[in-house]
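For reference, query_27.cif (mmCIF, C-alpha atoms, pLDDT in the B column; chains and numbers go by the auth columns):
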data_upload
#
loop_
_atom_site.group_PDB
_atom_site.id
_atom_site.type_symbol
_atom_site.label_atom_id
_atom_site.label_comp_id
_atom_site.label_asym_id
_atom_site.label_seq_id
_atom_site.Cartn_x
_atom_site.Cartn_y
_atom_site.Cartn_z
_atom_site.B_iso_or_equiv
_atom_site.auth_seq_id
_atom_site.auth_asym_id
ATOM 1 C CA MET A 1 11.168 -1.922 15.916 50.00 209 A
ATOM 2 C CA THR A 2 11.114 0.767 13.265 62.00 210 A
ATOM 3 C CA SER A 3 7.864 0.798 11.347 81.00 211 A
ATOM 4 C CA PRO A 4 8.541 2.001 7.820 94.00 212 A
ATOM 5 C CA VAL A 5 5.573 3.281 5.864 96.00 213 A
ATOM 6 C CA LEU A 6 5.878 3.777 2.120 97.00 214 A
ATOM 7 C CA GLN A 7 3.447 5.916 0.150 97.00 215 A
ATOM 8 C CA THR A 8 2.768 5.698 -3.564 96.00 216 A
ATOM 9 C CA GLU A 9 0.218 7.590 -5.598 96.00 217 A
ATOM 10 C CA ARG A 10 -2.587 5.144 -4.730 97.00 218 A
ATOM 11 C CA LEU A 11 -1.179 2.886 -2.031 98.00 219 A
ATOM 12 C CA THR A 12 0.266 2.732 1.467 97.00 220 A
ATOM 13 C CA LEU A 13 2.755 -0.023 2.241 98.00 221 A
ATOM 14 C CA ARG A 14 3.033 -0.701 5.979 96.00 222 A
ATOM 15 C CA LEU A 15 3.825 -3.515 8.363 95.00 223 A
ATOM 16 C CA PRO A 16 1.150 -6.213 8.509 95.00 224 A
ATOM 17 C CA SER A 17 -1.039 -6.097 11.614 93.00 225 A
ATOM 18 C CA ALA A 18 -3.924 -7.920 13.282 93.00 226 A
ATOM 19 C CA GLU A 19 -6.409 -5.601 11.554 95.00 227 A
ATOM 20 C CA ASP A 20 -5.337 -7.147 8.227 95.00 228 A
ATOM 21 C CA PHE A 21 -6.267 -10.681 9.215 95.00 229 A
ATOM 22 C CA GLU A 22 -9.732 -11.024 7.643 95.00 230 A
ATOM 23 C CA ALA A 23 -8.513 -9.789 4.259 94.00 231 A
ATOM 24 C CA TRP A 24 -5.272 -11.761 4.671 89.00 232 A
ATOM 25 C CA ALA A 25 -7.217 -14.968 5.355 90.00 233 A
ATOM 26 C CA ALA A 26 -9.553 -14.354 2.401 93.00 234 A
ATOM 27 C CA PHE A 27 -6.515 -13.786 0.151 88.00 235 A
ATOM 28 C CA HIS A 28 -4.932 -17.050 1.315 90.00 236 A
ATOM 29 C CA ALA A 29 -8.197 -18.896 0.658 89.00 237 A
ATOM 30 C CA GLU A 30 -8.375 -17.787 -3.020 86.00 238 A
ATOM 31 C CA GLU A 31 -7.488 -20.823 -5.111 82.00 239 A
ATOM 32 C CA ASP A 32 -6.490 -18.877 -8.252 83.00 240 A
ATOM 33 C CA THR A 33 -4.453 -16.352 -6.283 76.00 241 A
ATOM 34 C CA MET A 34 -2.626 -18.954 -4.207 67.00 242 A
ATOM 35 C CA ARG A 35 -1.935 -21.319 -7.121 77.00 243 A
ATOM 36 C CA PHE A 36 1.619 -19.996 -7.419 68.00 244 A
ATOM 37 C CA LEU A 37 2.035 -18.817 -3.815 72.00 245 A
ATOM 38 C CA GLY A 38 2.262 -22.104 -1.966 71.00 246 A
ATOM 39 C CA GLY A 39 -1.378 -23.170 -2.203 66.00 247 A
ATOM 40 C CA VAL A 40 -4.585 -22.345 -0.376 67.00 248 A
ATOM 41 C CA GLN A 41 -4.308 -21.931 3.383 76.00 249 A
ATOM 42 C CA ALA A 42 -6.985 -22.574 5.992 80.00 250 A
ATOM 43 C CA ARG A 43 -7.673 -19.727 8.455 82.00 251 A
ATOM 44 C CA GLY A 44 -5.310 -21.163 11.068 88.00 252 A
ATOM 45 C CA ALA A 45 -2.457 -21.452 8.575 86.00 253 A
ATOM 46 C CA ALA A 46 -3.210 -17.956 7.260 90.00 254 A
ATOM 47 C CA TRP A 47 -2.995 -16.630 10.832 91.00 255 A
ATOM 48 C CA ARG A 48 0.409 -18.283 11.246 92.00 256 A
ATOM 49 C CA SER A 49 1.622 -16.860 7.921 90.00 257 A
ATOM 50 C CA LEU A 50 0.540 -13.359 8.993 92.00 258 A
ATOM 51 C CA CYS A 51 2.388 -13.825 12.293 92.00 259 A
ATOM 52 C CA THR A 52 5.431 -15.142 10.399 92.00 260 A
ATOM 53 C CA MET A 53 5.490 -11.999 8.271 92.00 261 A
ATOM 54 C CA VAL A 54 5.168 -9.749 11.341 93.00 262 A
ATOM 55 C CA GLY A 55 7.851 -11.769 13.148 93.00 263 A
ATOM 56 C CA ALA A 56 10.235 -11.519 10.193 94.00 264 A
ATOM 57 C CA TRP A 57 10.205 -7.747 10.660 93.00 265 A
ATOM 58 C CA SER A 58 11.567 -8.282 14.188 91.00 266 A
ATOM 59 C CA VAL A 59 14.030 -11.039 13.309 93.00 267 A
ATOM 60 C CA ARG A 60 15.352 -9.852 9.917 92.00 268 A
ATOM 61 C CA GLY A 61 14.427 -6.179 10.001 92.00 269 A
ATOM 62 C CA PHE A 62 12.351 -6.557 6.831 95.00 270 A
ATOM 63 C CA ALA A 63 9.480 -8.566 5.377 96.00 271 A
ATOM 64 C CA MET A 64 6.585 -8.044 3.042 95.00 272 A
ATOM 65 C CA PHE A 65 4.377 -5.043 3.597 97.00 273 A
ATOM 66 C CA SER A 66 0.615 -5.015 3.763 96.00 274 A
ATOM 67 C CA VAL A 67 -0.525 -2.987 0.784 97.00 275 A
ATOM 68 C CA ILE A 68 -3.452 -0.700 1.539 98.00 276 A
ATOM 69 C CA GLU A 69 -5.559 1.217 -0.971 97.00 277 A
ATOM 70 C CA ARG A 70 -5.220 4.852 0.127 96.00 278 A
ATOM 71 C CA ASP A 71 -8.685 5.997 -0.976 96.00 279 A
ATOM 72 C CA THR A 72 -10.599 3.218 0.771 96.00 280 A
ATOM 73 C CA GLY A 73 -8.265 1.765 3.412 96.00 281 A
ATOM 74 C CA ARG A 74 -8.858 -1.717 1.980 96.00 282 A
ATOM 75 C CA TRP A 75 -6.146 -4.389 2.152 96.00 283 A
ATOM 76 C CA VAL A 76 -4.876 -5.054 -1.385 96.00 284 A
ATOM 77 C CA GLY A 77 -2.160 -7.663 -0.865 95.00 285 A
ATOM 78 C CA ARG A 78 1.337 -8.321 0.424 95.00 286 A
ATOM 79 C CA ILE A 79 4.427 -7.103 -1.365 96.00 287 A
ATOM 80 C CA GLY A 80 7.993 -6.519 -0.327 96.00 288 A
ATOM 81 C CA PRO A 81 11.370 -7.823 0.746 97.00 289 A
ATOM 82 C CA TRP A 82 11.484 -11.451 1.780 94.00 290 A
ATOM 83 C CA GLN A 83 14.248 -13.898 2.662 95.00 291 A
ATOM 84 C CA PRO A 84 13.292 -16.754 4.967 92.00 292 A
ATOM 85 C CA GLU A 85 15.962 -19.205 6.070 93.00 293 A
ATOM 86 C CA GLY A 86 17.274 -21.229 3.130 94.00 294 A
ATOM 87 C CA TRP A 87 15.757 -18.914 0.483 95.00 295 A
ATOM 88 C CA PRO A 88 17.780 -18.748 -2.763 96.00 296 A
ATOM 89 C CA GLY A 89 18.360 -14.991 -2.457 96.00 297 A
ATOM 90 C CA ARG A 90 16.983 -11.683 -1.338 97.00 298 A
ATOM 91 C CA GLU A 91 13.567 -11.422 -2.898 97.00 299 A
ATOM 92 C CA VAL A 92 10.994 -8.755 -3.475 98.00 300 A
ATOM 93 C CA GLY A 93 7.839 -10.814 -3.746 95.00 301 A
ATOM 94 C CA TRP A 94 4.222 -9.956 -4.401 95.00 302 A
ATOM 95 C CA GLY A 95 0.674 -11.165 -4.177 92.00 303 A
ATOM 96 C CA VAL A 96 -2.469 -9.124 -4.789 93.00 304 A
ATOM 97 C CA ALA A 97 -6.022 -10.160 -3.920 92.00 305 A
ATOM 98 C CA ARG A 98 -8.108 -11.147 -6.928 89.00 306 A
ATOM 99 C CA GLU A 99 -10.461 -8.159 -6.624 92.00 307 A
ATOM 100 C CA PHE A 100 -7.495 -5.777 -7.060 93.00 308 A
ATOM 101 C CA ALA A 101 -5.791 -7.598 -9.944 90.00 309 A
ATOM 102 C CA GLY A 102 -5.403 -5.730 -13.219 89.00 310 A
ATOM 103 C CA ARG A 103 -5.264 -2.242 -11.684 93.00 311 A
ATOM 104 C CA GLY A 104 -1.488 -1.840 -11.748 94.00 312 A
ATOM 105 C CA TYR A 105 -1.267 -2.040 -7.950 97.00 313 A
ATOM 106 C CA ALA A 106 1.263 -4.888 -7.969 96.00 314 A
ATOM 107 C CA HIS A 107 3.612 -2.881 -10.189 96.00 315 A
ATOM 108 C CA GLU A 108 3.152 0.325 -8.204 97.00 316 A
ATOM 109 C CA ALA A 109 3.839 -1.414 -4.888 97.00 317 A
ATOM 110 C CA ALA A 110 6.682 -3.540 -6.286 97.00 318 A
ATOM 111 C CA VAL A 111 8.488 -0.406 -7.526 97.00 319 A
ATOM 112 C CA ALA A 112 8.245 1.091 -4.019 97.00 320 A
ATOM 113 C CA ALA A 113 9.440 -2.194 -2.488 97.00 321 A
ATOM 114 C CA MET A 114 12.355 -2.450 -4.937 97.00 322 A
ATOM 115 C CA ASP A 115 13.383 1.107 -4.076 97.00 323 A
ATOM 116 C CA TYR A 116 13.170 0.229 -0.365 97.00 324 A
ATOM 117 C CA ALA A 117 15.242 -2.958 -0.802 97.00 325 A
ATOM 118 C CA VAL A 118 17.968 -1.200 -2.794 97.00 326 A
ATOM 119 C CA ASP A 119 18.003 2.291 -1.262 96.00 327 A
ATOM 120 C CA VAL A 120 17.165 1.570 2.385 95.00 328 A
ATOM 121 C CA LEU A 121 18.178 -2.048 2.983 96.00 329 A
ATOM 122 C CA GLY A 122 21.223 -1.696 0.722 96.00 330 A
ATOM 123 C CA TRP A 123 20.639 -4.905 -1.210 97.00 331 A
ATOM 124 C CA ASP A 124 23.016 -5.333 -4.131 97.00 332 A
ATOM 125 C CA HIS A 125 20.893 -7.938 -5.921 97.00 333 A
ATOM 126 C CA VAL A 126 17.148 -8.674 -5.889 97.00 334 A
ATOM 127 C CA ILE A 127 15.309 -11.753 -7.143 97.00 335 A
ATOM 128 C CA HIS A 128 11.690 -12.741 -7.660 97.00 336 A
ATOM 129 C CA THR A 129 10.999 -16.493 -7.425 95.00 337 A
ATOM 130 C CA ILE A 130 8.368 -17.281 -10.050 95.00 338 A
ATOM 131 C CA ASP A 131 6.771 -20.488 -11.313 92.00 339 A
ATOM 132 C CA PRO A 132 7.476 -20.746 -15.079 95.00 340 A
ATOM 133 C CA ASP A 133 3.695 -21.010 -15.702 92.00 341 A
ATOM 134 C CA ASN A 134 2.900 -17.790 -13.808 92.00 342 A
ATOM 135 C CA VAL A 135 2.654 -15.516 -16.835 92.00 343 A
ATOM 136 C CA GLY A 136 1.328 -12.520 -14.873 91.00 344 A
ATOM 137 C CA SER A 137 4.243 -12.493 -12.443 94.00 345 A
ATOM 138 C CA ILE A 138 6.749 -13.022 -15.240 95.00 346 A
ATOM 139 C CA ARG A 139 5.330 -9.973 -17.029 95.00 347 A
ATOM 140 C CA LEU A 140 5.598 -7.939 -13.832 95.00 348 A
ATOM 141 C CA ALA A 141 9.203 -9.062 -13.275 96.00 349 A
ATOM 142 C CA GLN A 142 10.057 -8.097 -16.853 96.00 350 A
ATOM 143 C CA ARG A 143 8.337 -4.727 -16.406 95.00 351 A
ATOM 144 C CA LEU A 144 10.546 -4.206 -13.343 96.00 352 A
ATOM 145 C CA GLY A 145 13.615 -4.906 -15.498 96.00 353 A
ATOM 146 C CA ALA A 146 14.368 -8.377 -14.141 97.00 354 A
ATOM 147 C CA VAL A 147 15.712 -11.190 -16.312 97.00 355 A
ATOM 148 C CA ASN A 148 15.356 -14.929 -15.883 97.00 356 A
ATOM 149 C CA GLN A 149 18.455 -16.218 -14.114 96.00 357 A
ATOM 150 C CA GLY A 150 17.348 -19.838 -14.190 96.00 358 A
ATOM 151 C CA PRO A 151 15.792 -22.409 -11.894 96.00 359 A
ATOM 152 C CA VAL A 152 16.366 -22.307 -8.134 96.00 360 A
ATOM 153 C CA SER A 153 15.282 -24.504 -5.241 94.00 361 A
ATOM 154 C CA LEU A 154 13.132 -23.364 -2.368 93.00 362 A
ATOM 155 C CA PRO A 155 13.537 -24.746 1.158 93.00 363 A
ATOM 156 C CA ALA A 156 11.110 -27.240 2.737 91.00 364 A
ATOM 157 C CA PRO A 157 8.165 -27.394 2.717 88.00 365 A
ATOM 158 C CA LEU A 158 8.287 -25.711 -0.715 86.00 366 A
ATOM 159 C CA GLU A 159 11.075 -27.851 -2.185 88.00 367 A
ATOM 160 C CA ASN A 160 8.774 -29.422 -4.798 89.00 368 A
ATOM 161 C CA PHE A 161 7.718 -26.080 -6.284 89.00 369 A
ATOM 162 C CA ARG A 162 9.230 -25.304 -9.668 92.00 370 A
ATOM 163 C CA VAL A 163 10.542 -21.726 -9.710 93.00 371 A
ATOM 164 C CA ASP A 164 12.958 -19.577 -11.641 96.00 372 A
ATOM 165 C CA ALA A 165 14.836 -16.663 -10.111 97.00 373 A
ATOM 166 C CA TRP A 166 14.114 -13.497 -12.025 97.00 374 A
ATOM 167 C CA GLY A 167 16.503 -10.810 -10.888 96.00 375 A
ATOM 168 C CA GLN A 168 18.797 -7.899 -11.331 97.00 376 A
ATOM 169 C CA SER A 169 21.589 -6.063 -9.569 96.00 377 A
ATOM 170 C CA ALA A 170 21.001 -2.853 -7.647 96.00 378 A
ATOM 171 C CA ASP A 171 22.852 -0.976 -10.396 94.00 379 A
ATOM 172 C CA GLN A 172 20.575 -2.495 -13.034 94.00 380 A
ATOM 173 C CA TRP A 173 17.537 -1.477 -10.968 96.00 381 A
ATOM 174 C CA ARG A 174 18.830 2.079 -10.629 93.00 382 A
ATOM 175 C CA ALA A 175 19.416 2.282 -14.389 92.00 383 A
ATOM 176 C CA HIS A 176 15.947 0.854 -15.047 92.00 384 A
ATOM 177 C CA ARG A 177 14.410 3.289 -12.566 86.00 385 A
ATOM 178 C CA GLN A 178 16.165 6.243 -14.219 86.00 386 A
ATOM 179 C CA GLY A 179 14.979 5.124 -17.641 82.00 387 A
ATOM 180 C CA ARG A 180 11.458 4.826 -16.267 68.00 388 A
ATOM 181 C CA CYS A 181 11.567 8.329 -14.773 53.00 389 A
ATOM 182 C CA ALA A 182 13.108 10.020 -17.826 44.00 390 A
#

Take the structure in this file and express it as structure tokens.
Amino acid sequence: MTSPVLQTERLTLRLPSAEDFEAWAAFHAEEDTMRFLGGVQARGAAWRSLCTMVGAWSVRGFAMFSVIERDTGRWVGRIGPWQPEGWPGREVGWGVAREFAGRGYAHEAAVAAMDYAVDVLGWDHVIHTIDPDNVGSIRLAQRLGAVNQGPVSLPAPLENFRVDAWGQSADQWRAHRQGRCA
């Protein structure tokens, strides 16, 4: 399996690994953080979700990256391409541990993940599934140039979660990216 590694100014995005587990489990135990990400997970469930993410790289050829702070080597969160069976579209999703919130890391990593999804994976459309009450994620989606495309349904066991698909075409992302870089 190819192991892509993306570098940004402050972050490294790489495949999740066993060394991430303690931080991964702590992240999944944070009530505020997990409020919009499927709910708090016990250690055993967090282990399975880490293994699911690693396995998706083998099965699909993509999944969320572990985001690592370059200066310290600390695990920041998980961000990247995601499309489990029955998902309403090809998503670039994100989640950052509480201690790293407010530093712009989610935006920085999401830009790298969007570029990867469009330029490397060749996706022609990208969504972000966001609970309508998740103001922080809505702001990030808007900052990425996404627009609300309306409510979508998630597959079981998440079918009772209320989410909207925020998204844009690859061409819209490229235009947004060029405007950002100008």

Could you pull the residues within 6 Å of segment 212-219 of chain A, counting all atoms listed in the file, minus those fewer than 6 positions along the same chain, as a VMD selection string?
-> chain A and resid 276 to 278

Evaluate the PyMOL selection byres ((chain A and resi 227-241) around 7) and record the selected residues as an NGL selection string, following the chain and residue labels used in the document.
-> :A and (224-226 or 242-243 or 248-251 or 254-255 or 283 or 305-306)

Run through the PyMOL selection byres ((chain A and resi 274) around 8) on the given coordinates and return the selected residues as a list in words.
-> Leu221, Arg222, Leu223, Pro224, Asp228, Met272, Phe273, Val275, Ile276, Trp283, Val284, Gly285, Arg286 and Ile287 of chain A

Shortest contact to Ser211 of chain A, candidates A:Ala320, A:Ile346, A:Val262, A:Ala309, atoms counted only C-alpha atoms, goes to A:Val262

What residues have an atom no more than 10 Å from (23.9, -7.0, -1.6) in the file's own frame, counting all atoms listed in the file, and can you write them as a ChimeraX atom specification?
-> /A:297-298,325-326,329-334,377-378

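If you look at atom CA of Ala318 of chain A and atom CA of Gly252 of chain A, they are 27.5 Å away from each other.
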
What gap, in Å, lies between atom CA of Gln350 of chain A and atom CA of Ser257 of chain A?
-> 27.6 Å

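One distance worth recording is that between atom CA of His336 of chain A and atom CA of Ala349 of chain A, which is 7.2 Å.
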
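Residue neighbourhood of Gln386 of chain A, excluding near-sequence residues (fewer than 6 positions): Asp323, Leu352, Gly353, Asp379 and Gln380 of chain A, at 12 Å, using all atoms listed in the file.
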
Using the chain letters and numbering of this document, enumerate as a list of chain:residue names the residues selected by the PyMOL selection byres ((chain A and resi 264) around 12).
->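 Output from the PyMOL selection byres ((chain A and resi 264) around 12), applied to this file: A:Met209, A:Leu223, A:Pro224, A:Arg256, A:Ser257, A:Leu258, A:Cys259, A:Thr260, A:Met261, A:Val262, A:Gly263, A:Trp265, A:Ser266, A:Val267, A:Arg268, A:Gly269, A:Phe270, A:Ala271, A:Met272, A:Phe273, A:Gly288, A:Pro289, A:Trp290, A:Gln291, A:Pro292, A:Glu293.
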
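Closest approach to Glu316 of chain A among A:Leu348, A:Ala354, A:Ala253, A:Ile338 is made by A:Leu348 (distances from all atoms listed in the file).
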
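Among the candidates A:Gly375, A:Pro363, A:Pro340, A:Gly358, the residue lying nearest to Trp295 of chain A is A:Pro363 (atoms considered: all atoms listed in the file).
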
When distances are computed from only C-alpha atoms, which of A:Gly281, A:Gly294, A:Thr220, A:Val328 shows the smallest separation from Ser361 of chain A?
-> A:Gly294

Residue nearest Val371 of chain A - candidates A:Gly301, A:Thr337, A:Asn342, A:Ala314, atoms counted: only C-alpha atoms |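 Selected residue with least distance to Val371 of chain A: A:Thr337.
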